Amino acid sequence: MTATVDAAVEALGRTQEGAFSIWQAYNRGATNGIIRNRVTAGRWLREDTGVLLLPGWPSTFRQKLFVAVLAPPTSGYVSHEAAAMVRGLDAIRSARVEVTLPPYGGRRSGRGIVYHRTTEFEDRDWSMVGALPVASAARIIADLAPMHDVLTLERVYESAARKGLIVPSDLDDVVARFATPHRRGADTLRKLQATIVRDGMTNDSDFETLFFQLLRAAGIRLPVRQRRVLRPDGRLAYADYAWPDLHIVVELQGFEYHASRYAHLYDVERNNDLVVLGWNILEFAWTHLSRPGYIVATILALAPELAAA
């Protein structure tokens with residue numbers, strides 16, 4: 001029996017960065033005696049109240065998140081910046097271990113863990129990422145609004161939209177729920193709601209979002225995103241940005257999507273086809289973001305009419 005318990009717990013631990021709760025061990029046949037023997041022998045390690053670790057697993061940020069949500073009562077989900085990092089959203093590069101909990105039940109402060117109790121605890125606010133309960137993209141944005149500006153939240157929103165994790169109506173719901181009078185972050189949420197472009201498209205990278213923000217700050221008329229153009233051979237080409245009325249295309253040469261030999265060849269041939277069709281092409285690299293004046297001057301030199309009146 002104990003071999004079966006060990007195998008079941010180890011299989012579970014592999015899905016949770018080596019962490020598991022005592023209640024999960026009980027559900028797999030462990031008894032207090034088995035748990036005590038495994039801990040004494042060093043086969044299971046005590047990590048936090050009600051949480052054990054399998055030895056040999058590295059101490060990672062993700063493991064700390066599992067420990068935080070597994071400690072009793074196990075009813076919370078990873079939230080705030082930590083949730084943004086788990087979901088791989090742009091603009092957030094570091095985070096504390098943070099967990100959101102329902103308003104009921106006792107909970108002490110964990111080691112290095114920030115717990116948030118809220119009456120606004122609903123099933124739609126989280127979902128599973130693997131075996132980890134994590135705040136939804138919409139709830140992440142609501143939680144980040146009090147501590148981040150609208151430009152940062154726009155980057156978070158665009159990356160979530162690109163991953164299919166949020167649509168404009170989700171943001172509208174968040175504003176209705178959380179942008180109430182006198183609430184911290186309410187103005188930022190409303191500004192984000194007014195800022196996002198509801199064209200059914202997304203920026204394909206954080207580079208593109210930052211470029212979009214640069215154009216808006218400079219007062220340049222915003223272009224069409226992901227413009228489709230029919231190539232001479234009948235294939236479709238997609239331009240990062242375009243002003244169709246002026247026959248101008250902007251291509252952003254980010255290393256992430258253009259580094260391979262095939263991608264480079266595709267870009268060259270597509271751009272040649274666009275020139276043949278009468279489009280003017282402007283290209284900018286990631287490093288040009290540090291030279292916004294160059295970007296603005298280049299665009300306006302080609303099309304002065306794009307400047308704000």
# chains A, B, ... in the order shown; residues from 1 in each chain; ligands from 1

call {"tool": "residues_around", "arguments": {"residues": "Val99 (chain A)", "least_positions_apart": "2", "cutoff": "6 Å", "atoms": "only C-alpha atoms", "output": "PyMOL selection string"}}
result
chain A and resi 77-79+115

call {"tool": "write_last_selection", "arguments": {"atoms": "all heavy atoms", "output": "compact mmCIF listing (two decimals), in the first residue's frame"}}
result
# COMPACT_ATOMS: atom_id res chain seq x y z
N TYR A 77 -6.37 31.78 -5.43
CA TYR A 77 -5.70 31.68 -6.74
C TYR A 77 -4.57 32.70 -6.81
O TYR A 77 -4.61 33.75 -6.15
CB TYR A 77 -6.69 31.88 -7.88
CG TYR A 77 -7.47 33.18 -7.86
CD1 TYR A 77 -6.92 34.39 -8.32
CD2 TYR A 77 -8.79 33.21 -7.39
CE1 TYR A 77 -7.64 35.57 -8.32
CE2 TYR A 77 -9.51 34.40 -7.37
CZ TYR A 77 -8.94 35.56 -7.84
OH TYR A 77 -9.66 36.74 -7.83
N VAL A 78 -3.56 32.41 -7.62
CA VAL A 78 -2.45 33.32 -7.85
C VAL A 78 -2.98 34.58 -8.51
O VAL A 78 -3.81 34.51 -9.43
CB VAL A 78 -1.38 32.66 -8.74
CG1 VAL A 78 -0.24 33.63 -9.06
CG2 VAL A 78 -0.84 31.40 -8.07
N SER A 79 -2.51 35.74 -8.05
CA SER A 79 -3.09 36.99 -8.55
C SER A 79 -2.02 38.07 -8.74
O SER A 79 -0.83 37.84 -8.51
CB SER A 79 -4.17 37.48 -7.58
OG SER A 79 -3.62 37.74 -6.30
N TYR A 115 -1.22 37.78 0.92
CA TYR A 115 -2.57 37.28 0.74
C TYR A 115 -3.55 38.45 0.69
O TYR A 115 -3.46 39.38 1.48
CB TYR A 115 -2.96 36.34 1.88
CG TYR A 115 -2.20 35.03 1.89
CD1 TYR A 115 -1.23 34.79 2.85
CD2 TYR A 115 -2.46 34.05 0.94
CE1 TYR A 115 -0.53 33.58 2.88
CE2 TYR A 115 -1.77 32.85 0.94
CZ TYR A 115 -0.80 32.62 1.91
OH TYR A 115 -0.11 31.45 1.92

call {"tool": "residues_around", "arguments": {"residues": "Pro223 (chain A)", "least_positions_apart": "2", "cutoff": "9 Å", "atoms": "only C-alpha atoms", "output": "PyMOL selection string"}}
result
chain A and resi 212+215+220-221+225+241-244+249-250

call {"tool": "write_last_selection", "arguments": {"atoms": "N, CA, C and O atoms", "output": "PDB file, in the first residue's frame"}}
result
ATOM      1  N   PHE A 212       2.878  51.576 -31.291  1.00  0.00           N
ATOM      2  CA  PHE A 212       1.532  52.155 -31.357  1.00  0.00           C
ATOM      3  C   PHE A 212       1.401  53.301 -30.349  1.00  0.00           C
ATOM      4  O   PHE A 212       0.865  54.363 -30.650  1.00  0.00           O
ATOM      5  N   LEU A 215       3.292  56.420 -31.516  1.00  0.00           N
ATOM      6  CA  LEU A 215       2.553  57.190 -32.517  1.00  0.00           C
ATOM      7  C   LEU A 215       1.462  58.027 -31.858  1.00  0.00           C
ATOM      8  O   LEU A 215       1.277  59.205 -32.180  1.00  0.00           O
ATOM      9  N   ILE A 220       0.365  61.376 -34.085  1.00  0.00           N
ATOM     10  CA  ILE A 220       0.259  60.868 -35.453  1.00  0.00           C
ATOM     11  C   ILE A 220      -1.013  60.035 -35.583  1.00  0.00           C
ATOM     12  O   ILE A 220      -1.330  59.229 -34.704  1.00  0.00           O
ATOM     13  N   ARG A 221      -1.747  60.233 -36.652  1.00  0.00           N
ATOM     14  CA  ARG A 221      -2.971  59.456 -36.875  1.00  0.00           C
ATOM     15  C   ARG A 221      -2.647  57.972 -36.834  1.00  0.00           C
ATOM     16  O   ARG A 221      -1.733  57.504 -37.520  1.00  0.00           O
ATOM     17  N   ARG A 225      -4.139  48.231 -38.239  1.00  0.00           N
ATOM     18  CA  ARG A 225      -3.281  47.133 -37.794  1.00  0.00           C
ATOM     19  C   ARG A 225      -3.517  45.886 -38.633  1.00  0.00           C
ATOM     20  O   ARG A 225      -4.632  45.589 -39.024  1.00  0.00           O
ATOM     21  N   TYR A 241       1.504  47.614 -39.929  1.00  0.00           N
ATOM     22  CA  TYR A 241       0.666  48.812 -39.870  1.00  0.00           C
ATOM     23  C   TYR A 241       0.561  49.419 -41.261  1.00  0.00           C
ATOM     24  O   TYR A 241       1.479  49.285 -42.071  1.00  0.00           O
ATOM     25  N   ALA A 242      -0.548  50.101 -41.512  1.00  0.00           N
ATOM     26  CA  ALA A 242      -0.718  50.733 -42.832  1.00  0.00           C
ATOM     27  C   ALA A 242      -1.647  51.931 -42.734  1.00  0.00           C
ATOM     28  O   ALA A 242      -2.575  51.958 -41.911  1.00  0.00           O
ATOM     29  N   TRP A 243      -1.369  52.903 -43.573  1.00  0.00           N
ATOM     30  CA  TRP A 243      -2.303  53.988 -43.839  1.00  0.00           C
ATOM     31  C   TRP A 243      -2.761  53.769 -45.282  1.00  0.00           C
ATOM     32  O   TRP A 243      -2.113  54.244 -46.237  1.00  0.00           O
ATOM     33  N   PRO A 244      -3.829  53.011 -45.494  1.00  0.00           N
ATOM     34  CA  PRO A 244      -4.230  52.624 -46.855  1.00  0.00           C
ATOM     35  C   PRO A 244      -4.514  53.805 -47.768  1.00  0.00           C
ATOM     36  O   PRO A 244      -4.224  53.738 -48.968  1.00  0.00           O
ATOM     37  N   VAL A 249       2.995  51.632 -45.730  1.00  0.00           N
ATOM     38  CA  VAL A 249       3.070  50.465 -44.856  1.00  0.00           C
ATOM     39  C   VAL A 249       4.254  50.652 -43.908  1.00  0.00           C
ATOM     40  O   VAL A 249       5.303  51.151 -44.307  1.00  0.00           O
ATOM     41  N   VAL A 250       4.077  50.247 -42.656  1.00  0.00           N
ATOM     42  CA  VAL A 250       5.166  50.215 -41.686  1.00  0.00           C
ATOM     43  C   VAL A 250       5.409  48.767 -41.285  1.00  0.00           C
ATOM     44  O   VAL A 250       4.477  48.060 -40.893  1.00  0.00           O
TER      45      VAL A 250
END

call {"tool": "residues_around", "arguments": {"residues": "Pro133 (chain A)", "least_positions_apart": "2", "cutoff": "10 Å", "atoms": "only C-alpha atoms", "output": "list in words"}}
result
Leu65, Phe66, Val69, Ser75, Gly76, Tyr77, Val78, Ser79, Ala83, Val99, Trp126, Ser127, Met128, Val129, Gly130, Ala131, Ala135 and Ser136 of chain A

call {"tool": "write_last_selection", "arguments": {"atoms": "C-alpha atoms", "output": "short mmCIF file (atom, residue, chain, number, x, y, z; two decimals), in the first residue's frame"}}
result
data_model
loop_
_atom_site.label_atom_id
_atom_site.label_comp_id
_atom_site.auth_asym_id
_atom_site.auth_seq_id
_atom_site.Cartn_x
_atom_site.Cartn_y
_atom_site.Cartn_z
CA LEU A 65 3.22 29.84 -6.00
CA PHE A 66 2.12 26.24 -5.54
CA VAL A 69 -2.12 28.17 -2.94
CA SER A 75 -9.39 28.13 -1.89
CA GLY A 76 -7.33 30.93 -3.42
CA TYR A 77 -5.70 31.68 -6.74
CA VAL A 78 -2.45 33.32 -7.85
CA SER A 79 -3.09 36.99 -8.55
CA ALA A 83 -0.55 35.92 -12.22
CA VAL A 99 -2.71 35.00 -3.67
CA TRP A 126 -9.67 32.67 -12.33
CA SER A 127 -8.91 29.49 -14.28
CA MET A 128 -6.33 26.72 -14.21
CA VAL A 129 -2.95 27.10 -15.87
CA GLY A 130 -1.81 23.51 -15.74
CA ALA A 131 -2.35 22.55 -12.10
CA ALA A 135 -6.37 34.98 -12.01
CA SER A 136 -7.97 35.65 -15.38
#

call {"tool": "atom_distance", "arguments": {"atom1": "CA of Val275 (chain A)", "atom2": "CA of Ala297 (chain A)"}}
result
21.6 Å

call {"tool": "select_by_dssp", "arguments": {"residues": "region 40-285 of chain A", "states": "helix (DSSP H, G or I)", "output": "ChimeraX atom specification"}}
result
/A:40-41,61-70,80-86,123-125,137-144,150-162,168-178,186-195,206-217,244-246,255-258,261-276

call {"tool": "closest_residue", "arguments": {"among": "A:Thr287, A:Asn280, A:Ser59, A:Gln193", "to": "His247 (chain A)", "atoms": "only C-alpha atoms"}}
result
A:Asn280

call {"tool": "residues_around", "arguments": {"residues": "Glu251 (chain A)", "least_positions_apart": "6", "cutoff": "7 Å", "atoms": "only C-alpha atoms", "output": "PyMOL selection string"}}
result
chain A and resi 239-241+282-284

call {"tool": "write_last_selection", "arguments": {"atoms": "N, CA and C atoms", "output": "PDB file, in the first residue's frame"}}
result
ATOM      1  N   ALA A 239       0.641  43.395 -43.463  1.00  0.00           N
ATOM      2  CA  ALA A 239       1.531  44.466 -43.052  1.00  0.00           C
ATOM      3  C   ALA A 239       1.263  44.794 -41.590  1.00  0.00           C
ATOM      4  N   ASP A 240       2.340  45.043 -40.816  1.00  0.00           N
ATOM      5  CA  ASP A 240       2.155  45.352 -39.399  1.00  0.00           C
ATOM      6  C   ASP A 240       1.201  46.524 -39.226  1.00  0.00           C
ATOM      7  N   TYR A 241       1.504  47.614 -39.929  1.00  0.00           N
ATOM      8  CA  TYR A 241       0.666  48.812 -39.870  1.00  0.00           C
ATOM      9  C   TYR A 241       0.561  49.419 -41.261  1.00  0.00           C
ATOM     10  N   LEU A 282       8.033  51.726 -44.869  1.00  0.00           N
ATOM     11  CA  LEU A 282       8.960  52.204 -43.855  1.00  0.00           C
ATOM     12  C   LEU A 282       9.262  51.055 -42.899  1.00  0.00           C
ATOM     13  N   GLU A 283      10.526  50.907 -42.528  1.00  0.00           N
ATOM     14  CA  GLU A 283      10.927  49.836 -41.625  1.00  0.00           C
ATOM     15  C   GLU A 283      11.611  50.428 -40.396  1.00  0.00           C
ATOM     16  N   PHE A 284      11.259  49.885 -39.236  1.00  0.00           N
ATOM     17  CA  PHE A 284      11.888  50.315 -37.994  1.00  0.00           C
ATOM     18  C   PHE A 284      12.280  49.080 -37.191  1.00  0.00           C
TER      19      PHE A 284
END

call {"tool": "atom_distance", "arguments": {"atom1": "CA of Thr209 (chain A)", "atom2": "CA of Glu158 (chain A)"}}
result
7.2 Å

call {"tool": "select_by_dssp", "arguments": {"residues": "region 7-57 of chain A", "states": "strand (DSSP E or B)", "output": "ChimeraX atom specification"}}
result
/A:19-21,45-48,51-53

call {"tool": "closest_residue", "arguments": {"among": "A:Ala84, A:Leu151, A:Ala194, A:Ala263", "to": "Leu171 (chain A)", "atoms": "only C-alpha atoms"}}
result
A:Ala194

call {"tool": "residues_around", "arguments": {"residues": "region 199-205 of chain A", "least_positions_apart": "4", "cutoff": "10 Å", "atoms": "only C-alpha atoms", "output": "VMD selection string"}}
result
chain A and resid 90 155 157 to 164 167 to 168 209 to 212 224 to 227 240 to 241 252 254 256 to 257

call {"tool": "decode", "arguments": {"residues": "region 39-74 of chain A", "atoms": "N, CA, C and O atoms", "output": "PDB file, in the first residue's frame"}}
result
ATOM      1  N   VAL A  39       8.522  12.071   6.407  1.00  0.00           N
ATOM      2  CA  VAL A  39       9.217  13.304   6.803  1.00  0.00           C
ATOM      3  C   VAL A  39      10.469  12.969   7.612  1.00  0.00           C
ATOM      4  O   VAL A  39      11.542  13.548   7.399  1.00  0.00           O
ATOM      5  N   THR A  40      10.359  12.022   8.546  1.00  0.00           N
ATOM      6  CA  THR A  40      11.509  11.622   9.363  1.00  0.00           C
ATOM      7  C   THR A  40      12.627  11.053   8.510  1.00  0.00           C
ATOM      8  O   THR A  40      13.817  11.320   8.731  1.00  0.00           O
ATOM      9  N   ALA A  41      12.259  10.306   7.471  1.00  0.00           N
ATOM     10  CA  ALA A  41      13.262   9.697   6.582  1.00  0.00           C
ATOM     11  C   ALA A  41      13.796  10.685   5.549  1.00  0.00           C
ATOM     12  O   ALA A  41      14.726  10.347   4.796  1.00  0.00           O
ATOM     13  N   GLY A  42      13.245  11.875   5.466  1.00  0.00           N
ATOM     14  CA  GLY A  42      13.703  12.867   4.486  1.00  0.00           C
ATOM     15  C   GLY A  42      13.160  12.637   3.094  1.00  0.00           C
ATOM     16  O   GLY A  42      13.624  13.283   2.140  1.00  0.00           O
ATOM     17  N   ARG A  43      12.177  11.753   2.961  1.00  0.00           N
ATOM     18  CA  ARG A  43      11.608  11.504   1.632  1.00  0.00           C
ATOM     19  C   ARG A  43      10.573  12.562   1.271  1.00  0.00           C
ATOM     20  O   ARG A  43      10.323  12.796   0.101  1.00  0.00           O
ATOM     21  N   TRP A  44       9.953  13.154   2.282  1.00  0.00           N
ATOM     22  CA  TRP A  44       9.083  14.305   2.093  1.00  0.00           C
ATOM     23  C   TRP A  44       9.582  15.406   3.019  1.00  0.00           C
ATOM     24  O   TRP A  44      10.014  15.143   4.145  1.00  0.00           O
ATOM     25  N   LEU A  45       9.549  16.641   2.576  1.00  0.00           N
ATOM     26  CA  LEU A  45      10.089  17.757   3.332  1.00  0.00           C
ATOM     27  C   LEU A  45       8.973  18.715   3.717  1.00  0.00           C
ATOM     28  O   LEU A  45       8.142  19.073   2.873  1.00  0.00           O
ATOM     29  N   ARG A  46       8.960  19.160   4.958  1.00  0.00           N
ATOM     30  CA  ARG A  46       7.973  20.154   5.381  1.00  0.00           C
ATOM     31  C   ARG A  46       8.392  21.518   4.846  1.00  0.00           C
ATOM     32  O   ARG A  46       9.509  21.967   5.073  1.00  0.00           O
ATOM     33  N   GLU A  47       7.466  22.199   4.156  1.00  0.00           N
ATOM     34  CA  GLU A  47       7.766  23.501   3.573  1.00  0.00           C
ATOM     35  C   GLU A  47       6.965  24.615   4.237  1.00  0.00           C
ATOM     36  O   GLU A  47       7.478  25.682   4.534  1.00  0.00           O
ATOM     37  N   ASP A  48       5.687  24.385   4.468  1.00  0.00           N
ATOM     38  CA  ASP A  48       4.823  25.385   5.085  1.00  0.00           C
ATOM     39  C   ASP A  48       3.712  24.631   5.794  1.00  0.00           C
ATOM     40  O   ASP A  48       3.610  23.406   5.689  1.00  0.00           O
ATOM     41  N   THR A  49       2.891  25.348   6.518  1.00  0.00           N
ATOM     42  CA  THR A  49       1.788  24.701   7.214  1.00  0.00           C
ATOM     43  C   THR A  49       0.927  23.924   6.223  1.00  0.00           C
ATOM     44  O   THR A  49       0.360  24.499   5.294  1.00  0.00           O
ATOM     45  N   GLY A  50       0.885  22.601   6.400  1.00  0.00           N
ATOM     46  CA  GLY A  50       0.047  21.785   5.541  1.00  0.00           C
ATOM     47  C   GLY A  50       0.616  21.500   4.174  1.00  0.00           C
ATOM     48  O   GLY A  50      -0.065  20.905   3.327  1.00  0.00           O
ATOM     49  N   VAL A  51       1.857  21.891   3.902  1.00  0.00           N
ATOM     50  CA  VAL A  51       2.456  21.703   2.577  1.00  0.00           C
ATOM     51  C   VAL A  51       3.791  20.981   2.704  1.00  0.00           C
ATOM     52  O   VAL A  51       4.615  21.312   3.565  1.00  0.00           O
ATOM     53  N   LEU A  52       3.993  20.002   1.837  1.00  0.00           N
ATOM     54  CA  LEU A  52       5.226  19.220   1.799  1.00  0.00           C
ATOM     55  C   LEU A  52       5.865  19.330   0.423  1.00  0.00           C
ATOM     56  O   LEU A  52       5.205  19.700  -0.558  1.00  0.00           O
ATOM     57  N   LEU A  53       7.155  18.981   0.367  1.00  0.00           N
ATOM     58  CA  LEU A  53       7.884  18.978  -0.896  1.00  0.00           C
ATOM     59  C   LEU A  53       8.562  17.636  -1.094  1.00  0.00           C
ATOM     60  O   LEU A  53       9.002  16.999  -0.133  1.00  0.00           O
ATOM     61  N   LEU A  54       8.661  17.235  -2.347  1.00  0.00           N
ATOM     62  CA  LEU A  54       9.509  16.105  -2.698  1.00  0.00           C
ATOM     63  C   LEU A  54      10.942  16.606  -2.771  1.00  0.00           C
ATOM     64  O   LEU A  54      11.196  17.678  -3.326  1.00  0.00           O
ATOM     65  N   PRO A  55      11.902  15.900  -2.204  1.00  0.00           N
ATOM     66  CA  PRO A  55      13.295  16.368  -2.249  1.00  0.00           C
ATOM     67  C   PRO A  55      13.834  16.371  -3.670  1.00  0.00           C
ATOM     68  O   PRO A  55      13.375  15.610  -4.534  1.00  0.00           O
ATOM     69  N   GLY A  56      14.798  17.249  -3.912  1.00  0.00           N
ATOM     70  CA  GLY A  56      15.465  17.272  -5.211  1.00  0.00           C
ATOM     71  C   GLY A  56      14.895  18.257  -6.197  1.00  0.00           C
ATOM     72  O   GLY A  56      15.488  18.489  -7.255  1.00  0.00           O
ATOM     73  N   TRP A  57      13.749  18.855  -5.874  1.00  0.00           N
ATOM     74  CA  TRP A  57      13.154  19.828  -6.782  1.00  0.00           C
ATOM     75  C   TRP A  57      13.768  21.204  -6.527  1.00  0.00           C
ATOM     76  O   TRP A  57      13.912  21.608  -5.374  1.00  0.00           O
ATOM     77  N   PRO A  58      14.109  21.943  -7.573  1.00  0.00           N
ATOM     78  CA  PRO A  58      14.671  23.281  -7.372  1.00  0.00           C
ATOM     79  C   PRO A  58      13.630  24.228  -6.800  1.00  0.00           C
ATOM     80  O   PRO A  58      12.430  24.107  -7.090  1.00  0.00           O
ATOM     81  N   SER A  59      14.095  25.166  -5.989  1.00  0.00           N
ATOM     82  CA  SER A  59      13.198  26.178  -5.426  1.00  0.00           C
ATOM     83  C   SER A  59      12.991  27.273  -6.460  1.00  0.00           C
ATOM     84  O   SER A  59      13.838  28.142  -6.650  1.00  0.00           O
ATOM     85  N   THR A  60      11.877  27.214  -7.151  1.00  0.00           N
ATOM     86  CA  THR A  60      11.578  28.170  -8.221  1.00  0.00           C
ATOM     87  C   THR A  60      10.418  29.073  -7.810  1.00  0.00           C
ATOM     88  O   THR A  60       9.698  28.805  -6.840  1.00  0.00           O
ATOM     89  N   PHE A  61      10.238  30.135  -8.565  1.00  0.00           N
ATOM     90  CA  PHE A  61       9.109  31.036  -8.319  1.00  0.00           C
ATOM     91  C   PHE A  61       7.797  30.277  -8.447  1.00  0.00           C
ATOM     92  O   PHE A  61       6.878  30.445  -7.634  1.00  0.00           O
ATOM     93  N   ARG A  62       7.707  29.434  -9.446  1.00  0.00           N
ATOM     94  CA  ARG A  62       6.465  28.683  -9.657  1.00  0.00           C
ATOM     95  C   ARG A  62       6.200  27.725  -8.493  1.00  0.00           C
ATOM     96  O   ARG A  62       5.053  27.542  -8.087  1.00  0.00           O
ATOM     97  N   GLN A  63       7.249  27.122  -7.942  1.00  0.00           N
ATOM     98  CA  GLN A  63       7.057  26.255  -6.787  1.00  0.00           C
ATOM     99  C   GLN A  63       6.512  27.048  -5.601  1.00  0.00           C
ATOM    100  O   GLN A  63       5.618  26.590  -4.886  1.00  0.00           O
ATOM    101  N   LYS A  64       7.040  28.252  -5.406  1.00  0.00           N
ATOM    102  CA  LYS A  64       6.548  29.106  -4.315  1.00  0.00           C
ATOM    103  C   LYS A  64       5.067  29.424  -4.500  1.00  0.00           C
ATOM    104  O   LYS A  64       4.319  29.532  -3.514  1.00  0.00           O
ATOM    105  N   LEU A  65       4.636  29.587  -5.749  1.00  0.00           N
ATOM    106  CA  LEU A  65       3.225  29.838  -6.005  1.00  0.00           C
ATOM    107  C   LEU A  65       2.376  28.636  -5.615  1.00  0.00           C
ATOM    108  O   LEU A  65       1.295  28.781  -5.023  1.00  0.00           O
ATOM    109  N   PHE A  66       2.860  27.441  -5.943  1.00  0.00           N
ATOM    110  CA  PHE A  66       2.116  26.242  -5.544  1.00  0.00           C
ATOM    111  C   PHE A  66       2.026  26.133  -4.026  1.00  0.00           C
ATOM    112  O   PHE A  66       0.961  25.818  -3.482  1.00  0.00           O
ATOM    113  N   VAL A  67       3.136  26.394  -3.353  1.00  0.00           N
ATOM    114  CA  VAL A  67       3.114  26.341  -1.888  1.00  0.00           C
ATOM    115  C   VAL A  67       2.081  27.321  -1.347  1.00  0.00           C
ATOM    116  O   VAL A  67       1.316  27.000  -0.429  1.00  0.00           O
ATOM    117  N   ALA A  68       2.018  28.514  -1.923  1.00  0.00           N
ATOM    118  CA  ALA A  68       1.102  29.545  -1.440  1.00  0.00           C
ATOM    119  C   ALA A  68      -0.354  29.146  -1.599  1.00  0.00           C
ATOM    120  O   ALA A  68      -1.187  29.412  -0.724  1.00  0.00           O
ATOM    121  N   VAL A  69      -0.714  28.521  -2.718  1.00  0.00           N
ATOM    122  CA  VAL A  69      -2.123  28.168  -2.936  1.00  0.00           C
ATOM    123  C   VAL A  69      -2.497  26.837  -2.290  1.00  0.00           C
ATOM    124  O   VAL A  69      -3.684  26.568  -2.082  1.00  0.00           O
ATOM    125  N   LEU A  70      -1.494  26.019  -1.948  1.00  0.00           N
ATOM    126  CA  LEU A  70      -1.787  24.726  -1.331  1.00  0.00           C
ATOM    127  C   LEU A  70      -1.932  24.817   0.183  1.00  0.00           C
ATOM    128  O   LEU A  70      -2.565  23.964   0.798  1.00  0.00           O
ATOM    129  N   ALA A  71      -1.340  25.841   0.800  1.00  0.00           N
ATOM    130  CA  ALA A  71      -1.447  25.977   2.247  1.00  0.00           C
ATOM    131  C   ALA A  71      -2.910  26.203   2.630  1.00  0.00           C
ATOM    132  O   ALA A  71      -3.627  26.932   1.949  1.00  0.00           O
ATOM    133  N   PRO A  72      -3.372  25.592   3.702  1.00  0.00           N
ATOM    134  CA  PRO A  72      -4.788  25.691   4.056  1.00  0.00           C
ATOM    135  C   PRO A  72      -5.183  27.102   4.473  1.00  0.00           C
ATOM    136  O   PRO A  72      -4.377  27.818   5.062  1.00  0.00           O
ATOM    137  N   PRO A  73      -6.437  27.558   4.175  1.00  0.00           N
ATOM    138  CA  PRO A  73      -7.413  26.817   3.361  1.00  0.00           C
ATOM    139  C   PRO A  73      -7.097  26.957   1.882  1.00  0.00           C
ATOM    140  O   PRO A  73      -6.705  28.019   1.428  1.00  0.00           O
ATOM    141  N   THR A  74      -7.252  25.888   1.133  1.00  0.00           N
ATOM    142  CA  THR A  74      -6.820  25.863  -0.267  1.00  0.00           C
ATOM    143  C   THR A  74      -7.932  26.341  -1.195  1.00  0.00           C
ATOM    144  O   THR A  74      -8.472  25.583  -1.990  1.00  0.00           O
TER     145      THR A  74
END
